[in-house]
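Colleague: Here it is, the structure in full.
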Amino acid sequence: MKTHFLWLFMLPLLWSCSNDDSEDYQNIPIAFTAPANFPPIAYNFANNPLTEKGFELGKKLFYDGRLSSDGTISCGFCHIQEDAFTHHGHTFSHGVGEAIGTRNTPPIQNLAYQTTFMWDGATDHLDLQAVIPLTSPIEMNGNFNDIIAMMKGDATYRKLFKQAFPDGEINSENMLKALGQFMVMVTSSNSRFDKYRRNETGGTLTTEELQGYALFNQKCASCHATDIFTDNSFRNNGLPVNPSINDIGRYRVTELPQDLHKFKVPSLRNIEKTAPYMHDGRFYTLEAVLNHYSSGVTASATLDPLLQNNGVLGIPLTDSEKTKLIAFLKTLTDNQYLTDPRFSEF
């Protein structure tokens, strides 16, 4: 059965006689349905119901540089749609005043199925996640009082807030809810692999890709689990620590010794489009990533047990197996998602 998230606009009969110029609350729901090959939805839609105008407001906020202190850095500045909402080609994220961070920009995709966010899991609530980059002095350096004042002075924002929320208030709560609605809708579920899994037209995989999929299930799927390709866990994958940064990972959030140098397992969807790779963007090719796992894993106290097998570090991979794995990974590219006008700035 072919299923995918649907945009269903449930309008009262009288609505057809009105127009979009109304500044009254417009409760036009968006139905969100998990694709047949996806795991259960984790996001609580009851706390932030999706509506057409809430999504529209969230999209405007996502691409508005005025949320930053210098008026130029939007969420979309580092999260570029054609690159699976990453900052393709940039090792670290960039921010106001040419500031450069210490982590690679993660993709925005399928967040409704994830339980923690950011490389170190600094938040487990998608509607609050935006606070982190918005207020970071090396990202957007935004100030909520200034942002709210800006929006109150903007006629389009005044209209959208009234249309998107029952109270119509321009405040941080509604702003963050709108951003959450946009981000949760940014779903990638129509790659060639998805069509293969759902037995849909266009879902044919070559022999090499199928062999790569079998290898993936044997050697990679313990961490990159389900068709979301992450188990939402935090793991130390044996990267040598960069001494100039010394990113302590999950430990920064929990301060638990067992979390030192652990980072969230990223989804591999659209991986062909999201280089460079790892939390610090140290690898620029998929070949380099697989070379790390086959021969570059470094031992440490918190190294993931799956990368230690009777004293042997890493995942044994032949050159032929690497080629097949990469062929499979490229089937995860979802061109519909990369070009979907609903998620585009213009």
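Letters A, B, ... go to the chains of the structure tokens in the order shown; residues in each chain start at 1; ligands are counted from 1 in the same order.
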Report as a list of chain:residue names all protein, DNA and RNA residues lying within 12 Å of Glu200 of chain A, evaluated on only C-alpha atoms, omitting residues in the same chain fewer than 2 positions from it.
Modeller: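 Near neighbours after the sequence-gap exclusion: A:Met1, A:Lys2, A:Thr3, A:Ala36, A:Asn37, A:Asn190, A:Ser191, A:Arg192, A:Phe193, A:Asp194, A:Lys195, A:Tyr196, A:Arg197, A:Arg198, A:Gly202, A:Gly203, A:Thr204, A:Leu205.
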Colleague: Write the residues you've just listed into a file as a compact mmCIF listing (two decimals), in the first residue's frame, and include all heavy atoms for each of them.
Modeller:
# COMPACT_ATOMS: atom_id res chain seq x y z
N MET A 1 0.84 -1.19 0.00
CA MET A 1 0.00 0.00 0.00
C MET A 1 0.88 1.24 0.00
O MET A 1 1.80 1.35 0.79
CB MET A 1 -0.89 0.01 1.24
CG MET A 1 -1.78 1.26 1.34
SD MET A 1 -2.81 1.21 2.83
CE MET A 1 -1.57 1.36 4.09
N LYS A 2 0.60 2.16 -0.87
CA LYS A 2 1.38 3.39 -0.93
C LYS A 2 0.78 4.40 0.05
O LYS A 2 -0.37 4.79 -0.03
CB LYS A 2 1.34 3.97 -2.33
CG LYS A 2 2.13 5.27 -2.46
CD LYS A 2 2.12 5.76 -3.89
CE LYS A 2 2.90 7.07 -4.01
NZ LYS A 2 2.92 7.56 -5.39
N THR A 3 1.60 4.80 1.04
CA THR A 3 1.16 5.82 1.98
C THR A 3 2.24 6.86 2.09
O THR A 3 3.41 6.58 1.93
CB THR A 3 0.89 5.22 3.37
OG1 THR A 3 2.08 4.60 3.82
CG2 THR A 3 -0.22 4.22 3.34
N ALA A 36 4.35 3.79 5.08
CA ALA A 36 4.18 2.40 5.50
C ALA A 36 5.47 1.77 6.01
O ALA A 36 5.44 0.87 6.85
CB ALA A 36 3.62 1.58 4.34
N ASN A 37 6.62 2.24 5.53
CA ASN A 37 7.89 1.62 5.92
C ASN A 37 8.58 2.35 7.07
O ASN A 37 9.72 2.02 7.41
CB ASN A 37 8.84 1.57 4.72
CG ASN A 37 9.12 2.92 4.10
OD1 ASN A 37 8.21 3.70 3.84
ND2 ASN A 37 10.39 3.21 3.84
N ASN A 190 10.51 9.44 -0.03
CA ASN A 190 10.25 8.99 -1.39
C ASN A 190 11.52 8.77 -2.20
O ASN A 190 11.57 9.06 -3.39
CB ASN A 190 9.33 9.99 -2.09
CG ASN A 190 7.88 9.86 -1.62
OD1 ASN A 190 7.24 8.84 -1.82
ND2 ASN A 190 7.41 10.88 -0.95
N SER A 191 12.54 8.25 -1.56
CA SER A 191 13.75 7.83 -2.28
C SER A 191 13.45 6.54 -3.05
O SER A 191 12.40 5.91 -2.88
CB SER A 191 14.89 7.59 -1.30
OG SER A 191 14.59 6.47 -0.47
N ARG A 192 14.40 6.18 -3.88
CA ARG A 192 14.23 4.91 -4.60
C ARG A 192 14.18 3.75 -3.62
O ARG A 192 13.45 2.77 -3.82
CB ARG A 192 15.38 4.72 -5.61
CG ARG A 192 15.19 3.56 -6.57
CD ARG A 192 15.91 3.81 -7.90
NE ARG A 192 17.29 4.22 -7.72
CZ ARG A 192 18.32 3.37 -7.63
NH1 ARG A 192 18.11 2.07 -7.73
NH2 ARG A 192 19.55 3.82 -7.48
N PHE A 193 14.92 3.84 -2.53
CA PHE A 193 14.88 2.80 -1.51
C PHE A 193 13.49 2.70 -0.90
O PHE A 193 12.98 1.59 -0.68
CB PHE A 193 15.91 3.11 -0.41
CG PHE A 193 15.75 2.25 0.81
CD1 PHE A 193 16.21 0.94 0.80
CD2 PHE A 193 15.15 2.74 1.95
CE1 PHE A 193 16.06 0.12 1.93
CE2 PHE A 193 15.00 1.94 3.08
CZ PHE A 193 15.46 0.63 3.07
N ASP A 194 12.86 3.84 -0.60
CA ASP A 194 11.50 3.81 -0.04
C ASP A 194 10.54 3.12 -0.98
O ASP A 194 9.70 2.32 -0.55
CB ASP A 194 11.02 5.24 0.23
CG ASP A 194 11.76 5.91 1.36
OD1 ASP A 194 11.79 5.36 2.45
OD2 ASP A 194 12.34 6.99 1.12
N LYS A 195 10.67 3.42 -2.27
CA LYS A 195 9.77 2.80 -3.24
C LYS A 195 10.04 1.29 -3.34
O LYS A 195 9.10 0.50 -3.54
CB LYS A 195 9.93 3.49 -4.59
CG LYS A 195 9.47 4.95 -4.55
CD LYS A 195 9.78 5.70 -5.83
CE LYS A 195 9.35 7.16 -5.73
NZ LYS A 195 9.68 7.94 -6.93
N TYR A 196 11.28 0.90 -3.18
CA TYR A 196 11.61 -0.52 -3.14
C TYR A 196 10.95 -1.17 -1.92
O TYR A 196 10.33 -2.24 -2.03
CB TYR A 196 13.13 -0.69 -3.08
CG TYR A 196 13.59 -2.06 -2.64
CD1 TYR A 196 13.57 -3.15 -3.51
CD2 TYR A 196 14.04 -2.27 -1.33
CE1 TYR A 196 13.97 -4.41 -3.10
CE2 TYR A 196 14.46 -3.51 -0.92
CZ TYR A 196 14.42 -4.59 -1.80
OH TYR A 196 14.83 -5.83 -1.38
N ARG A 197 11.06 -0.52 -0.78
CA ARG A 197 10.51 -1.09 0.45
C ARG A 197 8.99 -1.19 0.40
O ARG A 197 8.40 -2.10 0.97
CB ARG A 197 10.94 -0.22 1.64
CG ARG A 197 12.41 -0.34 1.96
CD ARG A 197 12.69 -1.57 2.78
NE ARG A 197 12.21 -1.39 4.15
CZ ARG A 197 11.82 -2.36 4.94
NH1 ARG A 197 11.78 -3.62 4.50
NH2 ARG A 197 11.44 -2.12 6.19
N ARG A 198 8.37 -0.25 -0.29
CA ARG A 198 6.91 -0.24 -0.37
C ARG A 198 6.40 -0.91 -1.63
O ARG A 198 5.20 -0.89 -1.92
CB ARG A 198 6.40 1.21 -0.29
CG ARG A 198 6.75 1.91 1.03
CD ARG A 198 5.96 3.20 1.20
NE ARG A 198 6.28 4.22 0.21
CZ ARG A 198 7.02 5.30 0.43
NH1 ARG A 198 7.54 5.50 1.64
NH2 ARG A 198 7.23 6.18 -0.53
N GLY A 202 9.15 2.44 -9.66
CA GLY A 202 10.39 3.21 -9.50
C GLY A 202 11.27 2.70 -8.38
O GLY A 202 12.30 3.31 -8.09
N GLY A 203 10.91 1.60 -7.78
CA GLY A 203 11.66 1.09 -6.64
C GLY A 203 12.58 -0.07 -6.97
O GLY A 203 12.88 -0.88 -6.09
N THR A 204 13.05 -0.16 -8.19
CA THR A 204 13.95 -1.25 -8.57
C THR A 204 15.37 -0.93 -8.13
O THR A 204 15.89 0.16 -8.40
CB THR A 204 13.92 -1.46 -10.10
OG1 THR A 204 12.58 -1.76 -10.49
CG2 THR A 204 14.85 -2.60 -10.49
N LEU A 205 16.01 -1.88 -7.46
CA LEU A 205 17.41 -1.75 -7.06
C LEU A 205 18.25 -2.72 -7.88
O LEU A 205 17.82 -3.83 -8.18
CB LEU A 205 17.59 -2.04 -5.57
CG LEU A 205 16.82 -1.17 -4.57
CD1 LEU A 205 17.27 -1.49 -3.15
CD2 LEU A 205 16.99 0.31 -4.85
Colleague: Would you list the contacts of segment 291-302 of chain A as a ChimeraX atom specification, taking every protein, DNA or RNA residue within 8 Å and counting only C-alpha atoms, but skipping same-chain residues closer than 2 positions in sequence?
Modeller: /A:236-240,258-262,287-289,304,307,313-317
Colleague: So which residues touch Ile326 of chain A within 10 Å, counting only C-alpha atoms, skipping near sequence neighbours fewer than 2 positions away, as number ranges by chain?
Modeller: A: 208-209, 212-213, 216, 271-272, 286-287, 290, 321-324, 328-331
Colleague: Would you list the contacts of Gly71 of chain A as a PDB file with N, CA and C atoms, in the first residue's frame, taking every protein, DNA or RNA residue within 10 Å and counting only C-alpha atoms, but skipping same-chain residues closer than 4 positions in sequence?
Modeller:
ATOM      1  N   ASP A  64      13.769  33.718   7.679  1.00  0.00           N
ATOM      2  CA  ASP A  64      13.863  35.157   7.968  1.00  0.00           C
ATOM      3  C   ASP A  64      15.159  35.480   8.714  1.00  0.00           C
ATOM      4  N   GLY A  65      16.077  36.157   8.039  1.00  0.00           N
ATOM      5  CA  GLY A  65      17.345  36.542   8.648  1.00  0.00           C
ATOM      6  C   GLY A  65      17.191  37.544   9.769  1.00  0.00           C
ATOM      7  N   ARG A  66      16.039  38.200   9.861  1.00  0.00           N
ATOM      8  CA  ARG A  66      15.833  39.197  10.905  1.00  0.00           C
ATOM      9  C   ARG A  66      15.733  38.592  12.305  1.00  0.00           C
ATOM     10  N   LEU A  67      15.673  37.270  12.382  1.00  0.00           N
ATOM     11  CA  LEU A  67      15.684  36.631  13.693  1.00  0.00           C
ATOM     12  C   LEU A  67      17.080  36.659  14.314  1.00  0.00           C
ATOM     13  N   VAL A  96      26.600  34.719  12.772  1.00  0.00           N
ATOM     14  CA  VAL A  96      26.701  36.170  12.667  1.00  0.00           C
ATOM     15  C   VAL A  96      28.158  36.607  12.781  1.00  0.00           C
ATOM     16  N   MET A 140      22.983  32.463  15.524  1.00  0.00           N
ATOM     17  CA  MET A 140      22.109  33.578  15.157  1.00  0.00           C
ATOM     18  C   MET A 140      22.185  34.736  16.143  1.00  0.00           C
ATOM     19  N   GLY A 142      20.387  35.705  18.451  1.00  0.00           N
ATOM     20  CA  GLY A 142      19.129  36.438  18.507  1.00  0.00           C
ATOM     21  C   GLY A 142      18.693  36.752  19.923  1.00  0.00           C
TER      22      GLY A 142
END
Colleague: For Ile147 of chain A, which residue out of A:Leu61, A:Thr230, A:Val312, A:His224 is the nearest one, using only C-alpha atoms?
Modeller: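 Closest to Ile147 of chain A, using only C-alpha atoms: A:Leu61.
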Colleague: Considering only C-alpha atoms, return as a PyMOL selection string whatever protein or nucleic-acid residues lie within 7 Å of segment 155-163 of chain A, sequence-local ones (same chain, fewer than 6 positions apart) excluded.
Modeller: chain A and resi 23-26+53+57+169-170
Colleague: Just write the chosen residues, all heavy atoms, as a compact mmCIF listing (two decimals), in the first residue's frame.
Modeller:
# COMPACT_ATOMS: atom_id res chain seq x y z
N GLU A 23 -8.09 37.92 8.70
CA GLU A 23 -7.10 37.89 9.77
C GLU A 23 -7.62 37.13 10.98
O GLU A 23 -7.05 37.21 12.06
CB GLU A 23 -6.69 39.31 10.14
CG GLU A 23 -5.93 40.02 9.02
CD GLU A 23 -5.30 41.32 9.46
OE1 GLU A 23 -5.39 41.65 10.66
OE2 GLU A 23 -4.71 42.01 8.61
N ASP A 24 -8.70 36.38 10.80
CA ASP A 24 -9.23 35.54 11.87
C ASP A 24 -8.47 34.22 11.90
O ASP A 24 -7.85 33.80 10.92
CB ASP A 24 -10.72 35.27 11.65
CG ASP A 24 -11.54 36.55 11.72
OD1 ASP A 24 -11.15 37.45 12.48
OD2 ASP A 24 -12.55 36.64 11.00
N TYR A 25 -8.54 33.53 13.04
CA TYR A 25 -7.90 32.22 13.19
C TYR A 25 -8.46 31.26 12.15
O TYR A 25 -9.66 31.13 11.99
CB TYR A 25 -8.15 31.69 14.59
CG TYR A 25 -7.70 30.27 14.83
CD1 TYR A 25 -6.41 29.87 14.53
CD2 TYR A 25 -8.57 29.33 15.37
CE1 TYR A 25 -5.98 28.58 14.75
CE2 TYR A 25 -8.17 28.03 15.60
CZ TYR A 25 -6.87 27.65 15.28
OH TYR A 25 -6.46 26.36 15.51
N GLN A 26 -7.57 30.61 11.43
CA GLN A 26 -7.98 29.67 10.38
C GLN A 26 -7.52 28.27 10.78
O GLN A 26 -6.37 27.90 10.57
CB GLN A 26 -7.36 30.08 9.03
CG GLN A 26 -7.83 31.43 8.55
CD GLN A 26 -7.24 31.79 7.19
OE1 GLN A 26 -6.69 30.95 6.49
NE2 GLN A 26 -7.35 33.06 6.83
N LYS A 53 -1.82 27.44 8.28
CA LYS A 53 -1.24 28.74 8.59
C LYS A 53 -0.11 28.65 9.61
O LYS A 53 0.82 29.46 9.56
CB LYS A 53 -2.33 29.70 9.09
CG LYS A 53 -3.30 30.13 8.00
CD LYS A 53 -2.55 30.84 6.86
CE LYS A 53 -3.46 31.22 5.72
NZ LYS A 53 -2.74 31.90 4.61
N LEU A 57 3.50 30.13 8.69
CA LEU A 57 4.22 31.02 9.59
C LEU A 57 5.59 30.46 9.94
O LEU A 57 6.60 31.18 9.94
CB LEU A 57 3.40 31.24 10.87
CG LEU A 57 4.08 32.03 12.00
CD1 LEU A 57 4.52 33.41 11.53
CD2 LEU A 57 3.14 32.12 13.21
N GLU A 169 -1.65 35.65 19.49
CA GLU A 169 -0.58 36.39 20.14
C GLU A 169 0.76 36.22 19.43
O GLU A 169 1.12 35.11 19.02
CB GLU A 169 -0.45 35.95 21.59
CG GLU A 169 -1.62 36.33 22.48
CD GLU A 169 -1.78 37.83 22.64
OE1 GLU A 169 -0.75 38.52 22.76
OE2 GLU A 169 -2.93 38.30 22.62
N ILE A 170 1.49 37.32 19.32
CA ILE A 170 2.87 37.27 18.83
C ILE A 170 3.76 37.15 20.05
O ILE A 170 4.04 38.13 20.75
CB ILE A 170 3.22 38.53 18.01
CG1 ILE A 170 2.33 38.64 16.78
CG2 ILE A 170 4.69 38.51 17.60
CD1 ILE A 170 2.58 39.88 15.94
Colleague: Run DSSP on the backbone and grab whatever in segment 34-218 of chain A lands in helix (DSSP H, G or I); send it over as a PyMOL selection string.
Modeller: chain A and resi 45-47+52-62+65-67+75-78+81-83+96-98+111-113+126-129+131-135+144-152+155-164+172-185+192-197+207-218
Colleague: Could you make a table, as a tab-separated table, of the residues of segment 209-299 of chain A that have an atom within 12 Å of an atom of segment 121-133 of chain A, each with its nearest atom pair and distance in Å to one decimal, counting only C-alpha atoms, in chain and number order?
Modeller:
residue	atom	partner	partner_atom	distance
A:Asn232	CA	A:Gly121	CA	9.3
A:Ser233	CA	A:Gly121	CA	9.2
A:Phe234	CA	A:Gly121	CA	8.2
A:Arg235	CA	A:Gly121	CA	11.5
A:Gly249	CA	A:Gly121	CA	8.9
A:Arg250	CA	A:Gly121	CA	6.7
A:Tyr251	CA	A:Gly121	CA	9.9
A:Arg252	CA	A:Ala122	CA	8.6
A:Val253	CA	A:Ala122	CA	6.1
A:Thr254	CA	A:Ala122	CA	9.0
A:Glu255	CA	A:Ala122	CA	12.0
A:Asp259	CA	A:Gly121	CA	11.2
A:Lys262	CA	A:Gly121	CA	10.1
A:Phe263	CA	A:Gly121	CA	8.0
A:Lys264	CA	A:Gly121	CA	6.9
A:Val265	CA	A:Gly121	CA	10.4
A:Pro266	CA	A:Gly121	CA	11.5
Colleague: With C-alpha atoms retained, write the just-selected residues as a short mmCIF file (atom, residue, chain, number, x, y, z; two decimals), in the first residue's frame.
Modeller:
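Contents of part_28.cif, freshly written:
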data_model
loop_
_atom_site.label_atom_id
_atom_site.label_comp_id
_atom_site.auth_asym_id
_atom_site.auth_seq_id
_atom_site.Cartn_x
_atom_site.Cartn_y
_atom_site.Cartn_z
CA ASN A 232 18.30 7.83 18.28
CA SER A 233 21.16 6.71 20.50
CA PHE A 234 24.47 8.37 21.38
CA ARG A 235 27.67 6.49 20.62
CA GLY A 249 29.88 15.36 23.02
CA ARG A 250 26.97 14.04 25.07
CA TYR A 251 29.00 14.52 28.25
CA ARG A 252 28.41 18.27 27.94
CA VAL A 253 24.71 17.64 28.55
CA THR A 254 24.71 14.79 31.07
CA GLU A 255 28.14 15.16 32.74
CA ASP A 259 28.87 9.77 27.76
CA LYS A 262 29.46 10.22 22.39
CA PHE A 263 27.37 11.84 19.66
CA LYS A 264 23.94 11.15 18.24
CA VAL A 265 23.79 8.51 15.54
CA PRO A 266 22.80 10.51 12.43
#
Colleague: Counting only C-alpha atoms, which residue out of A:Thr102, A:Thr285, A:Ser22, A:Gln109 sits closest to Ser189 of chain A?
Modeller: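 Going through A:Thr102, A:Thr285, A:Ser22, A:Gln109 one by one, the smallest distance to Ser189 of chain A is for A:Gln109.
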Colleague: Counting only C-alpha atoms, which of A:Ser136, A:Asn27, A:Asn335, A:Thr206 gets nearest to Arg269 of chain A?
Modeller: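 Nearest candidate to Arg269 of chain A out of A:Ser136, A:Asn27, A:Asn335, A:Thr206: A:Asn335.
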Colleague: Find the residues around Val186 of chain A up to 12 Å (only C-alpha atoms counted), leave out those fewer than 4 positions away in its own chain, and share them as a VMD selection string.
Modeller: chain A and resid 5 32 55 58 to 59 62 79 81 84 to 85 107 to 113 179 to 182 336 to 344
Colleague: With C-alpha atoms retained, could you export that selection as a CSV table (one decimal), in the first residue's frame?
Modeller:
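Result file is out.csv:
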chain,number,residue,atom,x,y,z
A,5,PHE,CA,2.1,12.3,4.5
A,32,PHE,CA,0.4,13.8,9.0
A,55,PHE,CA,3.1,25.8,8.8
A,58,GLY,CA,6.9,28.5,10.6
A,59,LYS,CA,8.3,28.6,7.0
A,62,PHE,CA,12.7,29.6,9.1
A,79,HIS,CA,20.0,24.4,6.5
A,81,GLN,CA,17.1,22.4,1.1
A,84,ALA,CA,19.1,18.0,2.6
A,85,PHE,CA,18.9,21.1,4.8
A,107,PRO,CA,20.2,17.7,8.3
A,108,ILE,CA,16.6,18.5,9.0
A,109,GLN,CA,14.5,15.5,7.9
A,110,ASN,CA,12.0,13.1,9.5
A,111,LEU,CA,12.2,14.8,12.9
A,112,ALA,CA,8.7,13.5,13.8
A,113,TYR,CA,10.3,10.1,14.4
A,179,LEU,CA,8.9,26.7,13.7
A,180,GLY,CA,8.2,23.2,15.1
A,181,GLN,CA,5.3,22.8,12.7
A,182,PHE,CA,7.5,23.6,9.7
A,336,GLN,CA,11.3,15.0,-4.3
A,337,TYR,CA,12.2,16.1,-0.8
A,338,LEU,CA,15.3,18.1,-2.1
A,339,THR,CA,13.1,20.1,-4.5
A,340,ASP,CA,9.6,20.1,-2.8
A,341,PRO,CA,8.3,23.7,-3.1
A,342,ARG,CA,6.5,23.4,0.2
A,343,PHE,CA,9.8,23.5,1.9
A,344,SER,CA,11.5,26.0,-0.4
Colleague: Quick one: distance from atom CA of Gly97 of chain A to atom CA of Tyr277 of chain A in Å, one decimal?
Modeller: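 Taking atom CA of Gly97 of chain A and atom CA of Tyr277 of chain A, their separation equals 24.8 Å.
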Colleague: Quick one: residues within 12 Å of Ser93 of chain A, only C-alpha atoms counted, chain neighbours fewer than 3 positions away excluded, as a ChimeraX atom specification?
Modeller: /A:73,75-80,86-90,96,98-107,133,136,138-140,276,279-281
